[in-house]
file upload-v1.cif (mmCIF, N, CA and C atoms)
data_entry
#
loop_
_atom_site.label_atom_id
_atom_site.label_comp_id
_atom_site.auth_asym_id
_atom_site.auth_seq_id
_atom_site.Cartn_x
_atom_site.Cartn_y
_atom_site.Cartn_z
N MET A 1 0.85 -1.17 0.00
CA MET A 1 0.00 0.00 0.00
C MET A 1 0.90 1.24 0.00
N HIS A 2 0.56 2.20 -0.81
CA HIS A 2 1.36 3.41 -0.95
C HIS A 2 1.05 4.46 0.10
N TYR A 3 -0.05 4.33 0.79
CA TYR A 3 -0.45 5.31 1.79
C TYR A 3 -0.29 4.70 3.18
N PRO A 4 0.40 5.41 4.09
CA PRO A 4 0.47 4.90 5.45
C PRO A 4 -0.90 5.06 6.13
N ILE A 5 -1.15 4.24 7.12
CA ILE A 5 -2.41 4.36 7.86
C ILE A 5 -2.37 5.64 8.67
N PRO A 6 -3.34 6.52 8.47
CA PRO A 6 -3.35 7.78 9.22
C PRO A 6 -3.47 7.51 10.72
N ALA A 7 -2.74 8.29 11.50
CA ALA A 7 -2.73 8.11 12.95
C ALA A 7 -3.51 9.20 13.68
N SER A 8 -4.07 10.14 12.94
CA SER A 8 -4.84 11.22 13.57
C SER A 8 -5.93 11.70 12.62
N SER A 9 -6.86 12.42 13.19
CA SER A 9 -7.94 12.98 12.36
C SER A 9 -7.38 13.94 11.31
N GLN A 10 -6.34 14.68 11.68
CA GLN A 10 -5.73 15.62 10.74
C GLN A 10 -5.12 14.88 9.55
N GLU A 11 -4.49 13.74 9.81
CA GLU A 11 -3.92 12.96 8.71
C GLU A 11 -5.01 12.39 7.81
N ILE A 12 -6.15 12.04 8.39
CA ILE A 12 -7.26 11.54 7.58
C ILE A 12 -7.78 12.67 6.68
N VAL A 13 -7.94 13.85 7.25
CA VAL A 13 -8.41 15.00 6.47
C VAL A 13 -7.41 15.33 5.36
N ALA A 14 -6.12 15.19 5.64
CA ALA A 14 -5.09 15.49 4.64
C ALA A 14 -5.19 14.57 3.42
N LEU A 15 -5.80 13.40 3.59
CA LEU A 15 -5.95 12.49 2.46
C LEU A 15 -6.82 13.09 1.36
N ARG A 16 -7.60 14.09 1.71
CA ARG A 16 -8.46 14.73 0.70
C ARG A 16 -7.66 15.36 -0.44
N GLN A 17 -6.38 15.61 -0.17
CA GLN A 17 -5.52 16.23 -1.18
C GLN A 17 -5.04 15.24 -2.23
N GLN A 18 -5.27 13.95 -1.98
CA GLN A 18 -4.79 12.89 -2.88
C GLN A 18 -5.89 12.49 -3.85
N PRO A 19 -5.51 12.02 -5.03
CA PRO A 19 -6.52 11.49 -5.95
C PRO A 19 -7.15 10.23 -5.35
N VAL A 20 -8.44 10.10 -5.51
CA VAL A 20 -9.16 8.97 -4.91
C VAL A 20 -8.91 7.70 -5.71
N ASN A 21 -8.51 6.67 -4.99
CA ASN A 21 -8.36 5.34 -5.57
C ASN A 21 -8.60 4.32 -4.46
N GLU A 22 -8.55 3.05 -4.80
CA GLU A 22 -8.85 2.00 -3.82
C GLU A 22 -7.91 2.04 -2.63
N GLU A 23 -6.63 2.25 -2.87
CA GLU A 23 -5.66 2.27 -1.78
C GLU A 23 -5.91 3.43 -0.82
N LEU A 24 -6.29 4.58 -1.35
CA LEU A 24 -6.59 5.72 -0.51
C LEU A 24 -7.80 5.43 0.37
N ILE A 25 -8.81 4.81 -0.19
CA ILE A 25 -10.01 4.48 0.57
C ILE A 25 -9.69 3.49 1.68
N VAL A 26 -8.88 2.49 1.37
CA VAL A 26 -8.46 1.51 2.38
C VAL A 26 -7.70 2.21 3.50
N ALA A 27 -6.78 3.10 3.14
CA ALA A 27 -6.01 3.83 4.15
C ALA A 27 -6.92 4.68 5.02
N ALA A 28 -7.90 5.33 4.41
CA ALA A 28 -8.82 6.18 5.17
C ALA A 28 -9.64 5.35 6.15
N ILE A 29 -10.15 4.21 5.71
CA ILE A 29 -10.94 3.36 6.59
C ILE A 29 -10.07 2.83 7.73
N ALA A 30 -8.87 2.38 7.40
CA ALA A 30 -7.95 1.90 8.45
C ALA A 30 -7.62 3.02 9.42
N GLY A 31 -7.45 4.24 8.92
CA GLY A 31 -7.17 5.38 9.78
C GLY A 31 -8.33 5.69 10.71
N VAL A 32 -9.54 5.62 10.19
CA VAL A 32 -10.72 5.87 11.02
C VAL A 32 -10.80 4.84 12.15
N VAL A 33 -10.54 3.58 11.83
CA VAL A 33 -10.55 2.53 12.85
C VAL A 33 -9.46 2.80 13.89
N HIS A 34 -8.25 3.14 13.42
CA HIS A 34 -7.14 3.42 14.32
C HIS A 34 -7.45 4.59 15.26
N VAL A 35 -7.95 5.66 14.70
CA VAL A 35 -8.25 6.86 15.51
C VAL A 35 -9.37 6.55 16.50
N ALA A 36 -10.40 5.85 16.06
CA ALA A 36 -11.50 5.50 16.96
C ALA A 36 -11.00 4.68 18.15
N ARG A 37 -10.17 3.69 17.87
CA ARG A 37 -9.60 2.88 18.96
C ARG A 37 -8.76 3.72 19.90
N SER A 38 -7.93 4.59 19.33
CA SER A 38 -7.04 5.41 20.18
C SER A 38 -7.82 6.38 21.05
N GLN A 39 -9.04 6.71 20.64
CA GLN A 39 -9.89 7.60 21.42
C GLN A 39 -10.81 6.82 22.36
N GLY A 40 -10.63 5.51 22.42
CA GLY A 40 -11.41 4.69 23.33
C GLY A 40 -12.81 4.34 22.86
N GLN A 41 -13.08 4.56 21.58
CA GLN A 41 -14.39 4.21 21.06
C GLN A 41 -14.50 2.70 20.87
N SER A 42 -15.70 2.20 21.01
CA SER A 42 -15.96 0.79 20.74
C SER A 42 -16.39 0.64 19.28
N LEU A 43 -16.42 -0.60 18.82
CA LEU A 43 -16.92 -0.86 17.47
C LEU A 43 -18.36 -0.39 17.35
N GLU A 44 -19.13 -0.59 18.39
CA GLU A 44 -20.53 -0.15 18.37
C GLU A 44 -20.65 1.37 18.23
N ASP A 45 -19.77 2.11 18.93
CA ASP A 45 -19.76 3.57 18.80
C ASP A 45 -19.47 3.98 17.36
N LEU A 46 -18.45 3.35 16.79
CA LEU A 46 -18.04 3.71 15.44
C LEU A 46 -19.11 3.36 14.41
N THR A 47 -19.69 2.19 14.52
CA THR A 47 -20.72 1.82 13.54
C THR A 47 -21.96 2.70 13.70
N ALA A 48 -22.25 3.13 14.91
CA ALA A 48 -23.38 4.05 15.11
C ALA A 48 -23.12 5.36 14.37
N GLU A 49 -21.88 5.83 14.40
CA GLU A 49 -21.54 7.06 13.67
C GLU A 49 -21.70 6.85 12.17
N VAL A 50 -21.23 5.71 11.68
CA VAL A 50 -21.33 5.43 10.25
C VAL A 50 -22.79 5.33 9.82
N LEU A 51 -23.60 4.71 10.66
CA LEU A 51 -25.01 4.50 10.31
C LEU A 51 -25.89 5.72 10.54
N ALA A 52 -25.36 6.75 11.22
CA ALA A 52 -26.15 7.95 11.48
C ALA A 52 -26.59 8.59 10.17
N ASP A 53 -27.81 9.05 10.13
CA ASP A 53 -28.37 9.65 8.93
C ASP A 53 -27.58 10.89 8.53
N ASP A 54 -27.24 10.98 7.27
CA ASP A 54 -26.57 12.17 6.75
C ASP A 54 -27.00 12.39 5.30
N SER A 55 -26.54 13.47 4.73
CA SER A 55 -26.96 13.80 3.37
C SER A 55 -26.00 13.25 2.31
N LEU A 56 -24.91 12.59 2.74
CA LEU A 56 -23.93 12.10 1.77
C LEU A 56 -24.25 10.71 1.24
N LEU A 57 -24.68 9.82 2.14
CA LEU A 57 -24.93 8.44 1.74
C LEU A 57 -26.35 8.03 2.09
N ASP A 58 -26.95 7.23 1.24
CA ASP A 58 -28.28 6.72 1.58
C ASP A 58 -28.12 5.57 2.58
N ARG A 59 -29.23 5.09 3.08
CA ARG A 59 -29.23 4.06 4.13
C ARG A 59 -28.48 2.80 3.69
N GLU A 60 -28.72 2.37 2.47
CA GLU A 60 -28.08 1.15 1.97
C GLU A 60 -26.55 1.30 1.93
N LEU A 61 -26.06 2.43 1.46
CA LEU A 61 -24.62 2.66 1.40
C LEU A 61 -24.01 2.80 2.79
N ARG A 62 -24.74 3.43 3.72
CA ARG A 62 -24.24 3.53 5.09
C ARG A 62 -24.13 2.14 5.71
N ARG A 63 -25.07 1.27 5.44
CA ARG A 63 -25.05 -0.10 5.96
C ARG A 63 -23.85 -0.86 5.37
N TRP A 64 -23.64 -0.71 4.07
CA TRP A 64 -22.51 -1.34 3.39
C TRP A 64 -21.19 -0.85 3.98
N LEU A 65 -21.06 0.45 4.18
CA LEU A 65 -19.84 1.02 4.77
C LEU A 65 -19.66 0.54 6.21
N SER A 66 -20.74 0.44 6.95
CA SER A 66 -20.67 -0.08 8.31
C SER A 66 -20.12 -1.50 8.33
N ASP A 67 -20.54 -2.32 7.39
CA ASP A 67 -20.03 -3.69 7.30
C ASP A 67 -18.53 -3.69 7.00
N ILE A 68 -18.09 -2.81 6.14
CA ILE A 68 -16.66 -2.72 5.80
C ILE A 68 -15.87 -2.26 7.02
N VAL A 69 -16.37 -1.26 7.73
CA VAL A 69 -15.69 -0.77 8.93
C VAL A 69 -15.61 -1.89 9.98
N THR A 70 -16.68 -2.64 10.13
CA THR A 70 -16.69 -3.76 11.08
C THR A 70 -15.63 -4.79 10.71
N GLU A 71 -15.55 -5.12 9.44
CA GLU A 71 -14.53 -6.08 8.99
C GLU A 71 -13.13 -5.54 9.22
N ALA A 72 -12.92 -4.26 8.95
CA ALA A 72 -11.61 -3.65 9.19
C ALA A 72 -11.26 -3.69 10.68
N TRP A 73 -12.23 -3.41 11.53
CA TRP A 73 -12.02 -3.42 12.98
C TRP A 73 -11.55 -4.81 13.43
N LYS A 74 -12.18 -5.83 12.89
CA LYS A 74 -11.87 -7.20 13.28
C LYS A 74 -10.53 -7.68 12.69
N THR A 75 -10.13 -7.11 11.57
CA THR A 75 -8.96 -7.56 10.85
C THR A 75 -7.68 -6.84 11.27
N LEU A 76 -7.78 -5.54 11.51
CA LEU A 76 -6.60 -4.74 11.81
C LEU A 76 -6.09 -5.03 13.23
N PRO A 77 -4.77 -5.00 13.38
CA PRO A 77 -4.20 -5.24 14.72
C PRO A 77 -4.53 -4.11 15.71
#

call {"tool": "encode", "arguments": {"input": "upload-v1.cif", "output": "structure tokens"}}
result
Amino acid sequence: MHYPIPASSQEIVALRQQPVNEELIVAAIAGVVHVARSQGQSLEDLTAEVLADDSLLDRELRRWLSDIVTEAWKTLP
């Protein structure tokens, strides 16, 4: 992977400057999991945030993203 896993919210935001591709998305998701854990959040807290209603993603896409975040949580050290 060409992108290191972000270790802070600022590093995740900085990814916006990069062209979007699969590796960038993977790094962003891994960074979100890392930051959530470092802040003492549980998987349930994080998935609740992902599933919260917003104007960017519809319900189906939020559910899909929640599943990906859950898998990343279980997979990442």

call {"tool": "atom_distance", "arguments": {"input": "upload-v1.cif", "atom1": "atom C of A:His34", "atom2": "atom N of A:Asp54"}}
result
22.3 Å

call {"tool": "atom_distance", "arguments": {"input": "upload-v1.cif", "atom1": "atom N of A:Gln39", "atom2": "atom N of A:Ala27"}}
result
18.0 Å

call {"tool": "closest_residue", "arguments": {"input": "upload-v1.cif", "among": "A:Glu49, A:Asp67, A:Glu23, A:Asp58", "to": "A:His2", "atoms": "only C-alpha atoms"}}
result
A:Glu23

call {"tool": "closest_residue", "arguments": {"input": "upload-v1.cif", "among": "A:Ala14, A:Ala30, A:Leu57, A:Leu24", "to": "A:Leu76", "atoms": "all atoms listed in the file"}}
result
A:Ala30

call {"tool": "resolve_selection", "arguments": {"input": "upload-v1.cif", "expression": "the PyMOL selection byres ((chain A and resi 6) around 6)", "output": "VMD selection string"}}
result
chain A and resid 4 to 5 7 to 8 11 to 12 27 30 to 31

call {"tool": "select_by_dssp", "arguments": {"input": "upload-v1.cif", "residues": "stretch 29-59 of chain A", "states": "helix (DSSP H, G or I)", "output": "PyMOL selection string"}}
result
chain A and resi 29-38+43-51+59

call {"tool": "write_last_selection", "arguments": {"input": "upload-v1.cif", "atoms": "N, CA and C atoms", "output": "CSV table (one decimal), keeping the file's coordinate frame"}}
result
chain,number,residue,atom,x,y,z
A,29,ILE,N,-10.2,4.2,5.7
A,29,ILE,CA,-10.9,3.4,6.6
A,29,ILE,C,-10.1,2.8,7.7
A,30,ALA,N,-8.9,2.4,7.4
A,30,ALA,CA,-8.0,1.9,8.4
A,30,ALA,C,-7.6,3.0,9.4
A,31,GLY,N,-7.4,4.2,8.9
A,31,GLY,CA,-7.2,5.4,9.8
A,31,GLY,C,-8.3,5.7,10.7
A,32,VAL,N,-9.5,5.6,10.2
A,32,VAL,CA,-10.7,5.9,11.0
A,32,VAL,C,-10.8,4.8,12.2
A,33,VAL,N,-10.5,3.6,11.8
A,33,VAL,CA,-10.6,2.5,12.8
A,33,VAL,C,-9.5,2.8,13.9
A,34,HIS,N,-8.2,3.1,13.4
A,34,HIS,CA,-7.1,3.4,14.3
A,34,HIS,C,-7.4,4.6,15.3
A,35,VAL,N,-8.0,5.7,14.7
A,35,VAL,CA,-8.2,6.9,15.5
A,35,VAL,C,-9.4,6.6,16.5
A,36,ALA,N,-10.4,5.8,16.1
A,36,ALA,CA,-11.5,5.5,17.0
A,36,ALA,C,-11.0,4.7,18.2
A,37,ARG,N,-10.2,3.7,17.9
A,37,ARG,CA,-9.6,2.9,19.0
A,37,ARG,C,-8.8,3.7,19.9
A,38,SER,N,-7.9,4.6,19.3
A,38,SER,CA,-7.0,5.4,20.2
A,38,SER,C,-7.8,6.4,21.0
A,43,LEU,N,-16.4,-0.6,18.8
A,43,LEU,CA,-16.9,-0.9,17.5
A,43,LEU,C,-18.4,-0.4,17.4
A,44,GLU,N,-19.1,-0.6,18.4
A,44,GLU,CA,-20.5,-0.2,18.4
A,44,GLU,C,-20.6,1.4,18.2
A,45,ASP,N,-19.8,2.1,18.9
A,45,ASP,CA,-19.8,3.6,18.8
A,45,ASP,C,-19.5,4.0,17.4
A,46,LEU,N,-18.4,3.4,16.8
A,46,LEU,CA,-18.0,3.7,15.4
A,46,LEU,C,-19.1,3.4,14.4
A,47,THR,N,-19.7,2.2,14.5
A,47,THR,CA,-20.7,1.8,13.5
A,47,THR,C,-22.0,2.7,13.7
A,48,ALA,N,-22.2,3.1,14.9
A,48,ALA,CA,-23.4,4.0,15.1
A,48,ALA,C,-23.1,5.4,14.4
A,49,GLU,N,-21.9,5.8,14.4
A,49,GLU,CA,-21.5,7.1,13.7
A,49,GLU,C,-21.7,6.8,12.2
A,50,VAL,N,-21.2,5.7,11.7
A,50,VAL,CA,-21.3,5.4,10.2
A,50,VAL,C,-22.8,5.3,9.8
A,51,LEU,N,-23.6,4.7,10.7
A,51,LEU,CA,-25.0,4.5,10.3
A,51,LEU,C,-25.9,5.7,10.5
A,59,ARG,N,-29.2,5.1,3.1
A,59,ARG,CA,-29.2,4.1,4.1
A,59,ARG,C,-28.5,2.8,3.7

call {"tool": "atom_distance", "arguments": {"input": "upload-v1.cif", "atom1": "atom CA of A:Ile68", "atom2": "atom CA of A:Ile29"}}
result
8.4 Å

call {"tool": "closest_residue", "arguments": {"input": "upload-v1.cif", "among": "A:Lys74, A:Leu56, A:Glu44, A:Tyr3", "to": "A:Val26", "atoms": "only C-alpha atoms"}}
result
A:Tyr3
